[in-house]
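Colleague: Structure file protein_17.txt (compact mmCIF, C-alpha atoms) is given on the next line.
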```txt
# COMPACT_ATOMS: atom_id res chain seq x y z
CA MET A 135 9.95 15.84 -29.84
CA ALA A 136 13.13 14.34 -31.22
CA ALA A 137 14.78 11.82 -28.92
CA LYS A 138 18.21 13.22 -29.79
CA ASP A 139 17.58 16.48 -27.91
CA LEU A 140 17.13 14.59 -24.69
CA THR A 141 20.00 12.22 -25.11
CA LYS A 142 23.67 12.24 -24.39
CA VAL A 143 26.05 9.94 -26.24
CA ILE A 144 29.30 9.11 -24.46
CA GLU A 145 32.05 6.53 -24.56
CA PHE A 146 31.71 3.56 -22.24
CA ILE A 147 34.30 1.23 -20.77
CA ASP A 148 35.23 -2.14 -22.29
CA ILE A 149 32.42 -4.37 -20.99
CA GLU A 150 34.27 -7.63 -21.55
CA ALA A 151 37.39 -6.50 -19.68
CA ARG A 152 35.35 -4.96 -16.87
CA CYS A 153 33.25 -8.10 -16.40
CA GLN A 154 36.36 -10.24 -16.30
CA ALA A 155 38.02 -7.92 -13.78
CA LEU A 156 34.95 -8.04 -11.54
CA GLY A 157 34.49 -11.80 -11.90
CA CYS A 158 31.16 -11.47 -13.70
CA ASN A 159 29.79 -13.28 -16.74
CA VAL A 160 30.50 -11.52 -20.03
CA PRO A 161 27.15 -10.68 -21.65
CA THR A 162 26.57 -11.42 -25.33
CA GLY A 163 22.93 -10.45 -25.82
CA PHE A 164 20.77 -8.22 -23.68
CA ALA A 165 22.00 -7.62 -20.14
CA ILE A 166 21.14 -5.22 -17.39
CA LEU A 167 24.20 -3.57 -15.94
CA PRO A 168 24.42 -2.35 -12.33
CA ARG A 169 24.15 1.44 -11.90
CA ASN A 170 27.77 1.60 -10.68
CA PHE A 171 29.18 -0.87 -13.17
CA GLU A 172 31.94 1.54 -14.23
CA SER A 173 32.97 2.69 -10.76
CA ALA A 174 32.42 -0.18 -8.30
CA ALA A 175 35.58 -1.15 -6.46
CA SER A 176 34.64 -4.82 -6.45
CA LYS A 177 31.85 -7.20 -7.32
CA SER A 178 30.39 -6.92 -3.81
CA ASP A 179 29.81 -3.19 -4.36
CA LEU A 180 27.69 -3.65 -7.48
CA ILE A 181 24.12 -2.46 -7.15
CA HIS A 182 21.18 -2.44 -9.54
CA GLU A 183 18.54 0.25 -10.02
CA ASP A 184 15.31 -0.79 -8.29
CA THR A 185 13.59 -0.82 -11.68
CA THR A 186 15.80 -3.69 -12.85
CA PRO A 187 13.45 -6.52 -11.78
CA THR A 188 10.55 -4.80 -13.56
CA VAL A 189 12.52 -4.47 -16.81
CA ARG A 190 13.57 -8.10 -16.46
CA ALA A 191 9.94 -9.16 -16.06
CA LEU A 192 8.88 -7.05 -19.06
CA PHE A 193 11.66 -8.50 -21.22
CA ALA A 194 10.84 -12.06 -20.16
CA GLU A 195 7.19 -11.44 -21.05
CA LYS A 196 8.26 -10.60 -24.62
CA GLY A 197 10.64 -13.53 -24.87
CA ILE A 198 13.75 -11.36 -24.62
CA VAL A 199 16.42 -13.55 -23.05
CA GLU A 200 18.96 -11.80 -20.86
CA THR A 201 22.56 -12.97 -20.69
CA ARG A 202 23.10 -11.83 -17.12
CA ILE A 203 26.41 -10.66 -15.77
CA GLU A 204 25.53 -12.24 -12.42
CA GLN A 205 26.55 -15.82 -12.04
CA ASP A 206 23.90 -18.47 -11.26
CA GLY A 207 22.36 -17.92 -7.86
CA GLU A 208 24.09 -14.57 -7.43
CA LYS A 209 21.89 -11.62 -6.40
CA LEU A 210 22.78 -7.96 -6.35
CA PRO A 211 21.03 -5.45 -4.09
CA TYR A 212 18.88 -2.63 -5.44
CA PHE A 213 19.13 1.14 -5.16
CA GLU A 214 15.78 2.79 -4.56
CA GLU A 215 15.66 6.54 -5.23
CA ASN A 216 11.98 7.09 -4.35
CA SER A 217 11.71 9.97 -6.76
CA TYR A 218 8.76 10.97 -8.92
CA GLU A 219 10.56 10.22 -12.18
CA TRP A 220 11.23 6.65 -13.31
CA ILE A 221 14.90 5.80 -13.22
CA GLY A 222 15.55 2.85 -15.47
CA PRO A 223 18.66 0.69 -15.55
CA ILE A 224 21.59 0.58 -17.98
CA ILE A 225 20.65 -1.90 -20.69
CA PHE A 226 23.48 -3.51 -22.61
CA VAL A 227 22.59 -4.57 -26.14
CA GLY A 228 25.16 -7.16 -27.17
CA ALA A 229 26.54 -7.80 -30.63
CA THR A 230 24.48 -10.97 -31.10
CA VAL A 231 21.28 -8.94 -30.84
CA PHE A 232 22.39 -6.79 -33.81
CA SER A 233 23.55 -9.77 -35.84
CA GLN A 234 20.80 -12.26 -35.04
CA ASN A 235 17.62 -10.48 -34.02
CA PRO A 236 17.83 -6.67 -34.22
CA ASN A 237 14.05 -6.29 -34.09
CA LEU A 238 14.26 -7.25 -30.41
CA ILE A 239 15.56 -3.73 -29.78
CA THR A 240 12.23 -2.34 -31.06
CA VAL A 241 10.36 -4.89 -28.94
CA GLY A 242 12.42 -4.08 -25.82
CA LEU A 243 12.05 -0.31 -26.11
CA GLY A 244 8.37 -0.71 -26.95
CA VAL A 245 7.57 -2.84 -23.93
CA VAL A 246 9.32 -0.41 -21.57
CA SER A 247 7.64 2.59 -23.19
CA ASN A 248 4.16 1.01 -23.01
CA TYR A 249 4.72 -0.02 -19.41
CA LEU A 250 5.68 3.53 -18.46
CA THR A 251 2.56 4.96 -20.09
CA ASP A 252 0.53 2.85 -17.65
CA TYR A 253 2.94 3.54 -14.77
CA PHE A 254 2.35 7.29 -15.03
CA LYS A 255 -1.45 7.05 -15.34
CA GLY A 256 -3.10 9.66 -13.16
CA ARG A 257 0.12 11.52 -12.45
CA ILE A 258 -0.05 15.23 -13.03
CA GLY A 259 2.94 17.13 -14.33
CA GLU A 260 6.00 15.93 -16.16
CA LYS A 261 6.18 12.20 -16.77
CA ASN A 262 9.89 11.77 -17.13
CA ALA A 263 12.01 8.68 -17.38
CA LYS A 264 15.73 8.06 -17.43
CA ILE A 265 17.24 5.08 -19.15
CA SER A 266 20.66 4.19 -20.56
CA LEU A 267 21.68 1.88 -23.37
CA VAL A 268 25.16 0.56 -24.00
CA ILE A 269 26.03 -0.74 -27.44
CA PRO A 270 29.23 -2.20 -28.87
CA GLN A 271 30.90 -0.62 -31.87
CA PRO A 272 31.32 -3.20 -34.67
CA ASN A 273 34.74 -4.84 -35.03
CA SER A 274 36.26 -3.12 -32.04
CA LYS A 275 36.42 -3.25 -28.27
CA LYS A 276 34.74 0.11 -28.03
CA TYR A 277 31.37 0.70 -26.43
CA THR A 278 29.00 3.65 -26.52
CA ARG A 279 26.49 4.69 -23.89
CA ILE A 280 23.29 6.55 -24.75
CA ASN A 281 21.69 8.33 -21.80
CA TYR A 282 18.06 9.29 -22.19
CA ASP A 283 16.36 11.73 -19.84
CA GLY A 284 12.97 12.92 -21.01
CA PRO A 285 9.31 12.19 -21.57
CA VAL A 286 8.21 8.58 -21.67
CA ASP A 287 7.03 8.73 -25.28
CA GLY A 288 10.56 9.53 -26.46
CA ILE A 289 11.93 6.12 -25.41
CA LYS A 290 10.63 4.21 -28.38
CA ASP A 291 12.33 6.70 -30.72
CA LEU A 292 15.74 5.73 -29.35
CA GLU A 293 15.95 2.88 -31.83
CA LYS A 294 16.91 5.28 -34.64
CA LEU A 295 19.67 6.80 -32.52
CA ILE A 296 20.99 3.35 -31.61
CA LYS A 297 21.32 2.52 -35.31
CA GLU A 298 23.12 5.79 -36.00
CA VAL A 299 25.50 5.27 -33.10
CA ARG A 300 26.17 1.72 -34.24
CA ARG A 301 27.05 3.05 -37.69
CA GLY A 302 29.40 5.57 -36.07
CA LYS A 303 27.37 8.51 -37.31
CA VAL A 304 26.95 10.25 -33.95
CA LYS A 305 29.70 12.35 -32.39
CA LYS A 306 30.49 11.68 -28.72
CA MET B 41 -23.56 -19.44 -17.74
CA THR B 42 -26.48 -17.91 -15.81
CA LYS B 43 -24.23 -17.56 -12.77
CA ILE B 44 -21.66 -15.60 -14.82
CA MET B 45 -24.37 -13.40 -16.35
CA ASP B 46 -25.70 -12.73 -12.86
CA LEU B 47 -22.20 -11.85 -11.65
CA THR B 48 -21.70 -9.49 -14.61
CA GLN B 49 -25.08 -7.87 -13.97
CA ARG B 50 -24.36 -7.33 -10.27
CA CYS B 51 -20.94 -5.91 -11.15
CA ASN B 52 -22.54 -3.47 -13.61
CA ASP B 53 -25.15 -2.48 -10.99
CA LEU B 54 -22.41 -1.89 -8.42
CA ILE B 55 -20.40 0.23 -10.85
CA LYS B 56 -23.51 2.28 -11.70
CA ASP B 57 -24.15 2.90 -7.99
CA ALA B 58 -20.45 3.66 -7.43
CA VAL B 59 -20.41 6.30 -10.16
CA GLU B 60 -23.58 7.96 -8.82
CA PHE B 61 -22.52 7.83 -5.19
CA THR B 62 -18.93 8.96 -5.68
CA THR B 63 -20.14 11.84 -7.86
CA LYS B 64 -22.47 12.85 -5.03
CA CYS B 65 -19.60 12.58 -2.50
CA GLN B 66 -17.31 14.67 -4.68
CA SER B 67 -19.92 17.43 -4.79
CA HIS B 68 -19.46 17.67 -1.01
CA CYS B 69 -15.67 17.76 -1.04
CA PHE B 70 -15.48 21.47 -0.27
CA ILE B 71 -14.52 23.42 2.84
CA THR B 72 -17.95 25.10 3.05
CA ARG B 73 -19.91 21.85 3.16
CA ASP B 74 -21.28 20.77 6.52
CA LYS B 75 -18.99 18.41 8.41
CA LYS B 76 -21.85 16.14 9.53
CA ILE B 77 -22.96 15.62 5.92
CA GLN B 78 -19.38 14.80 4.96
CA GLU B 79 -19.07 12.32 7.86
CA GLN B 80 -22.38 10.70 6.95
CA LEU B 81 -21.32 10.24 3.33
CA ARG B 82 -17.98 8.83 4.46
CA ASP B 83 -19.79 6.33 6.71
CA GLU B 84 -21.97 5.28 3.78
CA LEU B 85 -18.86 4.37 1.82
CA ASN B 86 -17.85 1.59 4.21
CA PRO B 87 -20.68 -0.87 3.38
CA ARG B 88 -20.11 -0.13 -0.32
CA ILE B 89 -16.41 -0.98 -0.01
CA GLN B 90 -17.43 -4.20 1.77
CA ALA B 91 -20.01 -5.11 -0.91
CA CYS B 92 -17.44 -4.47 -3.61
CA SER B 93 -14.92 -6.70 -1.86
CA THR B 94 -17.47 -9.52 -1.45
CA LEU B 95 -18.44 -9.38 -5.13
CA LYS B 96 -14.77 -9.34 -6.08
CA THR B 97 -14.27 -12.55 -4.11
CA GLU B 98 -17.08 -14.14 -6.13
CA ALA B 99 -15.44 -12.98 -9.37
CA ILE B 100 -12.11 -14.44 -8.24
CA GLU B 101 -13.77 -17.75 -7.37
CA ALA B 102 -15.34 -17.78 -10.85
CA SER B 103 -11.90 -16.94 -12.37
CA LYS B 104 -13.29 -13.81 -14.02
CA GLU B 105 -10.21 -11.61 -14.00
CA SER B 106 -11.65 -8.68 -15.92
CA ILE B 107 -14.61 -8.43 -13.51
CA ALA B 108 -12.30 -8.81 -10.50
CA ASN B 109 -10.04 -6.03 -11.80
CA ALA B 110 -13.01 -3.77 -12.57
CA LEU B 111 -14.18 -4.24 -8.99
CA LEU B 112 -10.67 -3.57 -7.72
CA SER B 113 -10.78 -0.28 -9.62
CA VAL B 114 -14.13 0.59 -7.98
CA GLU B 115 -12.72 -0.35 -4.56
CA PHE B 116 -9.80 2.04 -5.13
CA ILE B 117 -12.08 4.87 -6.18
CA PHE B 118 -14.29 4.35 -3.11
CA LYS B 119 -11.14 4.60 -0.97
CA ALA B 120 -10.04 7.71 -2.87
CA VAL B 121 -13.35 9.43 -2.19
CA TYR B 122 -13.24 8.27 1.46
CA ASN B 123 -9.88 10.00 1.84
CA ASP B 124 -11.06 13.03 -0.14
CA LEU B 125 -13.95 13.55 2.30
CA SER B 126 -11.52 12.97 5.17
CA VAL B 127 -9.37 15.89 3.91
CA TRP B 128 -12.18 18.38 4.52
CA ILE B 129 -13.29 16.78 7.79
CA ALA B 130 -9.71 16.84 9.12
CA LEU B 131 -9.29 20.50 8.10
CA LYS B 132 -12.40 21.40 10.08
CA GLU B 133 -10.99 19.51 13.07
CA ASP B 134 -7.75 21.52 12.69
CA LYS B 135 -5.83 18.31 11.92
CA CYS B 136 -3.84 19.71 9.01
CA ASP B 137 -1.19 16.96 8.93
CA ASP B 138 -3.94 14.34 8.68
CA ALA B 139 -5.68 16.34 5.96
CA TRP B 140 -2.46 16.43 3.93
CA ASP B 141 -1.92 12.69 4.31
CA HIS B 142 -5.53 11.96 3.29
CA LEU B 143 -5.11 14.10 0.18
CA ILE B 144 -1.93 12.35 -0.92
CA THR B 145 -3.52 8.96 -0.16
CA ALA B 146 -6.58 9.91 -2.23
CA GLN B 147 -4.32 10.88 -5.17
CA GLY B 148 -2.62 7.48 -4.91
CA PHE B 149 -5.90 5.58 -4.89
CA VAL B 150 -7.08 7.40 -8.02
CA ARG B 151 -3.85 6.38 -9.77
CA CYS B 152 -4.38 2.78 -8.65
CA ALA B 153 -7.99 2.87 -9.93
CA MET B 154 -6.76 4.10 -13.33
CA LYS B 155 -4.12 1.38 -13.52
CA SER B 156 -6.46 -1.44 -12.46
CA HIS B 157 -9.11 -1.17 -15.16
CA SER B 158 -10.42 1.26 -17.72
CA ASN B 159 -14.09 0.87 -16.77
CA LEU B 160 -14.44 4.13 -14.87
CA THR B 161 -14.31 7.35 -16.85
CA GLY B 162 -13.50 10.85 -15.64
CA LEU B 163 -10.69 9.74 -13.35
CA GLU B 164 -8.15 11.93 -15.15
CA ASN B 165 -10.28 14.95 -14.15
CA TYR B 166 -10.58 13.69 -10.59
CA SER B 167 -6.82 13.27 -10.42
CA ARG B 168 -6.37 16.83 -11.70
CA ARG B 169 -8.86 18.15 -9.15
CA LEU B 170 -6.98 16.54 -6.26
CA HIS B 171 -3.76 18.02 -7.62
CA ASP B 172 -5.42 21.44 -7.72
CA VAL B 173 -6.55 21.04 -4.10
CA GLU B 174 -2.93 20.31 -3.18
CA ARG B 175 -1.77 23.52 -4.85
CA ILE B 176 -4.57 25.84 -3.76
CA VAL B 177 -5.67 24.64 -0.31
CA PHE B 178 -2.24 23.81 1.11
CA PRO B 179 0.94 25.89 1.16
CA GLY B 180 3.85 24.64 -0.95
CA GLN B 181 5.78 21.91 0.81
CA ILE B 182 9.43 20.91 0.86
CA PHE B 183 9.59 17.23 0.02
CA VAL B 184 12.08 14.65 1.16
CA SER B 185 13.18 11.52 -0.62
CA SER B 186 15.24 8.72 0.89
CA ALA B 187 17.57 6.68 -1.28
CA LEU B 188 17.65 3.17 0.10
CA VAL B 189 19.70 0.06 -0.53
CA VAL B 190 17.34 -2.92 -0.62
CA LYS B 191 18.44 -6.54 -0.57
CA SER B 192 15.53 -7.85 -2.64
CA TYR B 193 11.82 -7.40 -3.28
CA THR B 194 8.91 -9.72 -2.64
CA CYS B 195 6.00 -9.79 -5.09
CA SER B 196 2.69 -8.88 -3.43
CA ILE B 197 0.81 -11.24 -5.73
CA CYS B 198 2.69 -14.51 -5.28
CA ALA B 199 5.10 -13.78 -2.39
CA GLU B 200 7.98 -14.98 -4.57
CA GLU B 201 11.03 -12.88 -5.38
CA TYR B 202 9.91 -9.96 -7.51
CA GLY B 203 11.53 -9.91 -10.93
CA GLU B 204 11.74 -13.67 -11.13
CA CYS B 205 8.03 -14.46 -10.78
CA GLY B 206 6.73 -12.82 -13.96
CA HIS B 207 4.34 -10.35 -12.32
CA VAL B 208 4.79 -6.64 -13.05
CA VAL B 209 4.29 -3.82 -10.53
CA GLY B 210 1.38 -1.53 -11.30
CA ARG B 211 -0.64 -4.23 -13.04
CA ALA B 212 -3.79 -5.80 -11.66
CA TYR B 213 -3.94 -9.57 -11.41
CA MET B 214 -7.26 -11.21 -10.50
CA GLY B 215 -8.45 -8.29 -8.40
CA GLU B 216 -5.12 -7.48 -6.78
CA MET B 217 -2.61 -4.77 -7.60
CA CYS B 218 0.97 -5.95 -7.93
CA SER B 219 3.46 -4.10 -5.75
CA LYS B 220 7.05 -4.84 -4.89
CA ILE B 221 7.70 -5.09 -1.16
CA PRO B 222 11.23 -4.24 0.01
CA LYS B 223 12.82 -7.12 1.85
CA GLY B 224 15.80 -6.08 3.89
CA ILE B 225 16.64 -2.38 3.75
CA THR B 226 20.36 -2.59 4.37
CA SER B 227 21.19 1.12 4.41
CA VAL B 228 19.99 4.63 3.70
CA ASP B 229 22.34 6.05 1.07
CA HIS B 230 21.17 9.63 1.38
CA VAL B 231 18.12 11.75 2.13
CA GLY B 232 17.40 14.34 -0.51
CA VAL B 233 15.55 17.60 0.00
CA MET B 234 13.46 18.33 -3.07
CA ARG B 235 12.58 21.92 -3.72
CA GLU B 236 11.89 21.80 -7.43
CA SER B 237 10.87 18.22 -7.98
CA ASP B 238 8.55 15.72 -6.39
CA PRO B 239 9.25 12.55 -4.46
CA GLN B 240 7.35 9.33 -5.03
CA ASP B 241 5.59 9.78 -1.68
CA LYS B 242 4.52 13.35 -0.95
CA ARG B 243 3.74 12.41 2.64
CA CYS B 244 7.52 12.54 3.10
CA ARG B 245 8.07 16.24 3.71
CA ALA B 246 9.43 18.85 6.09
CA VAL B 247 6.90 19.14 8.92
CA THR B 248 8.62 22.00 10.74
CA SER B 249 10.85 24.73 9.44
CA ARG B 250 12.94 27.28 11.35
CA ASP B 251 11.95 30.89 10.91
CA GLY B 252 13.64 33.67 12.90
CA GLY B 253 14.70 31.24 15.61
CA ASN B 254 11.29 29.59 15.90
CA ASP B 255 10.41 26.14 14.62
CA ARG B 256 7.12 26.40 12.80
CA ASP B 257 4.66 23.84 11.52
CA THR B 258 4.92 23.98 7.72
CA LEU B 259 1.15 23.71 7.27
CA THR B 260 -0.25 25.89 10.07
CA TRP B 261 2.81 28.15 10.63
CA ARG B 262 2.25 27.79 14.37
CA THR B 263 5.31 27.74 16.60
CA VAL B 264 6.22 24.19 17.55
CA GLU B 265 7.86 23.44 20.89
CA LYS B 266 11.10 21.54 20.65
CA GLU B 267 10.69 17.99 21.92
CA ALA B 268 12.38 17.53 25.29
CA ASN B 269 14.51 14.58 24.19
CA ARG B 270 15.59 16.04 20.84
CA LYS B 271 19.19 17.11 20.42
CA ASP B 272 20.09 19.40 17.55
CA THR B 273 23.51 18.83 16.05
CA VAL B 274 23.80 22.56 15.51
CA GLU B 275 21.91 24.33 18.32
CA ASP B 276 22.00 27.84 16.84
CA ALA B 277 21.35 26.85 13.21
CA THR B 278 19.66 29.60 11.19
CA TYR B 279 17.90 27.01 9.14
CA ALA B 280 16.66 23.67 10.45
CA MET B 281 13.76 21.41 9.68
CA THR B 282 12.23 18.20 10.94
CA SER B 283 11.02 15.81 8.28
CA ILE B 284 9.21 12.59 7.68
CA ILE B 285 11.75 10.69 5.57
CA LEU B 286 10.04 7.35 5.02
CA ARG B 287 6.57 5.82 5.27
CA ALA B 288 6.05 2.11 5.76
CA ASN B 289 2.64 1.95 4.02
CA ARG B 290 3.37 2.78 0.43
CA GLU B 291 1.08 3.49 -2.49
CA GLN B 292 0.14 0.22 -4.17
CA GLY B 293 1.43 -0.57 -7.65
CA ILE B 294 4.88 0.91 -7.17
```
Write the structure described by the file as structure tokens, please.
Modeller:
Amino acid sequence: MAAKDLTKVIEFIDIEARCQALGCNVPTGFAILPRNFESAASKSDLIHEDTTPTVRALFAEKGIVETRIEQDGEKLPYFEENSYEWIGPIIFVGATVFSQNPNLITVGLGVVSNYLTDYFKGRIGEKNAKISLVIPQPNSKKYTRINYDGPVDGIKDLEKLIKEVRRGKVKK
Amino acid sequence: MTKIMDLTQRCNDLIKDAVEFTTKCQSHCFITRDKKIQEQLRDELNPRIQACSTLKTEAIEASKESIANALLSVEFIFKAVYNDLSVWIALKEDKCDDAWDHLITAQGFVRCAMKSHSNLTGLENYSRRLHDVERIVFPGQIFVSSALVVKSYTCSICAEEYGECGHVVGRAYMGEMCSKIPKGITSVDHVGVMRESDPQDKRCRAVTSRDGGNDRDTLTWRTVEKEANRKDTVEDATYAMTSIILRANREQGI
């Protein structure tokens, strides 16, 4: 199954400006964005998906360093949906990842995909996951969001779509 | 070295017995089987669970993680079968709510067994069988899912803040399954009624449903008397239901 069929590519807000407006750190590499990053009225309203700490642990295990938007010692609450499907966070992939170590994208998607295969062990029926990726467009202040909603095994195929979006080859 | 070999041997013997005994138990997980036989088998599981736990402690003391996790997997499958037998016993005692809860608990334990270690085979089929029982033995249920705002999570393995400690939910560490424990539920954002999808915990469901002015138990379809102290917001509502929206004891590894 092609990942593209299960994905939606849309424009995203200017991360740098939004972080500054909220009083958050501006991420440069990988960062996990709160679920209401675009709409929160203030920093105190920001809230992460409850899967965020798991993704953070998985990334840390693979040596993927996160440039967090939270300042040191700052903690955001978590939103727990308690649904059957796995609702992943919005993962920002900063420009330095593309310029310095693009293979970390493969590693990151792989570790999440492998984790979810184990997570859904013994579950009968559809094993669906939702995850979003935000990537910067080169030489601009524009950002693109890729929303994935589909079977777990489609996550690792998102890498190809990320590259196409980065090259500006996908219509929004 | 001899001590480790002995530990490995006793673990293998226990697994062999577990496979034989749980297979025997599963052959009695039917409505037609005699209740006394089912109760007897269920009672025989308790010392086995205890023996498994004792051997696991030895494996932990010897720092043999793979053996400890294999024994954790066996422990989970014993508990799954215990709950499976309890489904049929509860049905015969006309305790349909209990039967439902045992079934969902059994499904969860099978998932935990599969996540803990790959030593036991045939669990995929067992999982499918329990799913079939849900569909065929029980009427379709309306599930409920609560969206919560949680301040933070504690790791069940190390009691540190989950996400910062390095452990990952759903993985077994030295004979223990990692789970994230909510610490400080600050609000309930919404409660969703799920007609076409499933919640994480199927024990959260509508337990009564209004039909022609009567509140009926969703499993037995018996009329349920309104509790004396309950106040409906809309007294003459055509449709109303009472639901379990949250359970404190969650499935491990989530």
Colleague: Can you list, as a short mmCIF file (atom, residue, chain, number, x, y, z; two decimals) with C-alpha atoms, keeping the file's coordinate frame, every protein, DNA or RNA residue that comes within 12 Å of A:Asn262 when you count all atoms listed in the file, leaving out same-chain residues fewer than 2 positions away?
Modeller:
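New file around15.cif:
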```cif
data_model
loop_
_atom_site.label_atom_id
_atom_site.label_comp_id
_atom_site.auth_asym_id
_atom_site.auth_seq_id
_atom_site.Cartn_x
_atom_site.Cartn_y
_atom_site.Cartn_z
CA LEU A 140 17.13 14.59 -24.69
CA SER A 217 11.71 9.97 -6.76
CA TYR A 218 8.76 10.97 -8.92
CA GLU A 219 10.56 10.22 -12.18
CA TRP A 220 11.23 6.65 -13.31
CA ILE A 221 14.90 5.80 -13.22
CA GLY A 222 15.55 2.85 -15.47
CA SER A 247 7.64 2.59 -23.19
CA LEU A 250 5.68 3.53 -18.46
CA THR A 251 2.56 4.96 -20.09
CA TYR A 253 2.94 3.54 -14.77
CA PHE A 254 2.35 7.29 -15.03
CA ARG A 257 0.12 11.52 -12.45
CA ILE A 258 -0.05 15.23 -13.03
CA GLY A 259 2.94 17.13 -14.33
CA GLU A 260 6.00 15.93 -16.16
CA LYS A 264 15.73 8.06 -17.43
CA ILE A 265 17.24 5.08 -19.15
CA TYR A 282 18.06 9.29 -22.19
CA ASP A 283 16.36 11.73 -19.84
CA GLY A 284 12.97 12.92 -21.01
CA PRO A 285 9.31 12.19 -21.57
CA VAL A 286 8.21 8.58 -21.67
CA ASP A 287 7.03 8.73 -25.28
CA GLY A 288 10.56 9.53 -26.46
CA ILE A 289 11.93 6.12 -25.41
CA SER B 237 10.87 18.22 -7.98
CA ASP B 238 8.55 15.72 -6.39
#
```
Colleague: Taking all atoms listed in the file into account, name the residue in A:Ile224, A:Ile239, A:Ile296, A:Leu210 that is nearest to chain B.
Modeller: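 Using all atoms listed in the file, chain B sits closest to A:Leu210.
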Colleague: Which one of A:Arg202, A:Ala194, A:Ile269, A:Asp252 sits closest to B:Met154 if you count only C-alpha atoms?
Modeller: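 Answer, going by the shortest atom-to-atom distance: A:Asp252.
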Colleague: Within 8 Å of chain A, which residues belong to chain B? Use all atoms listed in the file and report them as a PDB file with C-alpha atoms, in the coordinates of the input.
Modeller:
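Written output follows (out34.pdb):
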```pdb
ATOM      1  CA  VAL B 150      -7.080   7.400  -8.020  1.00  0.00           C
ATOM      2  CA  ARG B 151      -3.850   6.380  -9.770  1.00  0.00           C
ATOM      3  CA  MET B 154      -6.760   4.100 -13.330  1.00  0.00           C
ATOM      4  CA  LYS B 155      -4.120   1.380 -13.520  1.00  0.00           C
ATOM      5  CA  LEU B 163     -10.690   9.740 -13.350  1.00  0.00           C
ATOM      6  CA  GLU B 164      -8.150  11.930 -15.150  1.00  0.00           C
ATOM      7  CA  SER B 167      -6.820  13.270 -10.420  1.00  0.00           C
ATOM      8  CA  ARG B 168      -6.370  16.830 -11.700  1.00  0.00           C
ATOM      9  CA  HIS B 171      -3.760  18.020  -7.620  1.00  0.00           C
ATOM     10  CA  SER B 185      13.180  11.520  -0.620  1.00  0.00           C
ATOM     11  CA  SER B 186      15.240   8.720   0.890  1.00  0.00           C
ATOM     12  CA  ALA B 187      17.570   6.680  -1.280  1.00  0.00           C
ATOM     13  CA  LEU B 188      17.650   3.170   0.100  1.00  0.00           C
ATOM     14  CA  VAL B 189      19.700   0.060  -0.530  1.00  0.00           C
ATOM     15  CA  VAL B 190      17.340  -2.920  -0.620  1.00  0.00           C
ATOM     16  CA  LYS B 191      18.440  -6.540  -0.570  1.00  0.00           C
ATOM     17  CA  SER B 192      15.530  -7.850  -2.640  1.00  0.00           C
ATOM     18  CA  TYR B 202       9.910  -9.960  -7.510  1.00  0.00           C
ATOM     19  CA  GLY B 203      11.530  -9.910 -10.930  1.00  0.00           C
ATOM     20  CA  GLU B 204      11.740 -13.670 -11.130  1.00  0.00           C
ATOM     21  CA  CYS B 205       8.030 -14.460 -10.780  1.00  0.00           C
ATOM     22  CA  GLY B 206       6.730 -12.820 -13.960  1.00  0.00           C
ATOM     23  CA  HIS B 207       4.340 -10.350 -12.320  1.00  0.00           C
ATOM     24  CA  VAL B 208       4.790  -6.640 -13.050  1.00  0.00           C
ATOM     25  CA  VAL B 209       4.290  -3.820 -10.530  1.00  0.00           C
ATOM     26  CA  GLY B 210       1.380  -1.530 -11.300  1.00  0.00           C
ATOM     27  CA  SER B 237      10.870  18.220  -7.980  1.00  0.00           C
ATOM     28  CA  ASP B 238       8.550  15.720  -6.390  1.00  0.00           C
ATOM     29  CA  PRO B 239       9.250  12.550  -4.460  1.00  0.00           C
ATOM     30  CA  GLN B 240       7.350   9.330  -5.030  1.00  0.00           C
ATOM     31  CA  ASP B 241       5.590   9.780  -1.680  1.00  0.00           C
TER      32      ASP B 241
END
```
Colleague: Can you tell me, as number ranges by chain, what residues are no more than 12 Å from stretch 177-181 of chain B when counting all atoms listed in the file, ignoring any on the same chain fewer than 2 positions away?
Modeller: B: 70-71, 127-128, 131, 136-137, 139-141, 143-144, 169-175, 183-184, 233-239, 242-249, 257-261, 281, 283
Colleague: Grab the atom CA of A:Gly228 to atom CA of A:Ser178 distance for me, in Å with one decimal place.
Modeller: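 We find that atom CA of A:Gly228 and atom CA of A:Ser178 lie 23.9 Å from each other.
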Colleague: Could you pull the residues within 6 Å of stretch 211-223 of chain B, counting all atoms listed in the file, minus those fewer than 3 positions along the same chain, as a list in words?
Modeller: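 In the requested form, the answer reads Glu105, Ala108, Asn109, Leu112, Ser156, Ser192, Tyr193, Thr194, Cys195, Ser196, Ile197, Val208, Gln292, Gly293 and Ile294 of chain B.
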Colleague: For atom CA of A:Leu156 and atom CA of A:Gln205, determine how far apart the two atoms are, in Å to one decimal place.
Modeller: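 One can read the atom CA of A:Leu156 to atom CA of A:Gln205 distance as 11.5 Å.
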Colleague: One decimal, in Å: what's the spacing between atom CA of A:Glu208 and atom CA of A:Arg152?
Modeller: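 Interatomic distance, atom CA of A:Glu208 to atom CA of A:Arg152: 17.6 Å.
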Colleague: Find, counting only C-alpha atoms, the residue in A:Thr230, A:Asn237, A:Ser266, A:Asn273 that gets nearest to A:Phe146.
Modeller: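 Of A:Thr230, A:Asn237, A:Ser266, A:Asn273, the one nearest A:Phe146 is A:Ser266, counting only C-alpha atoms.
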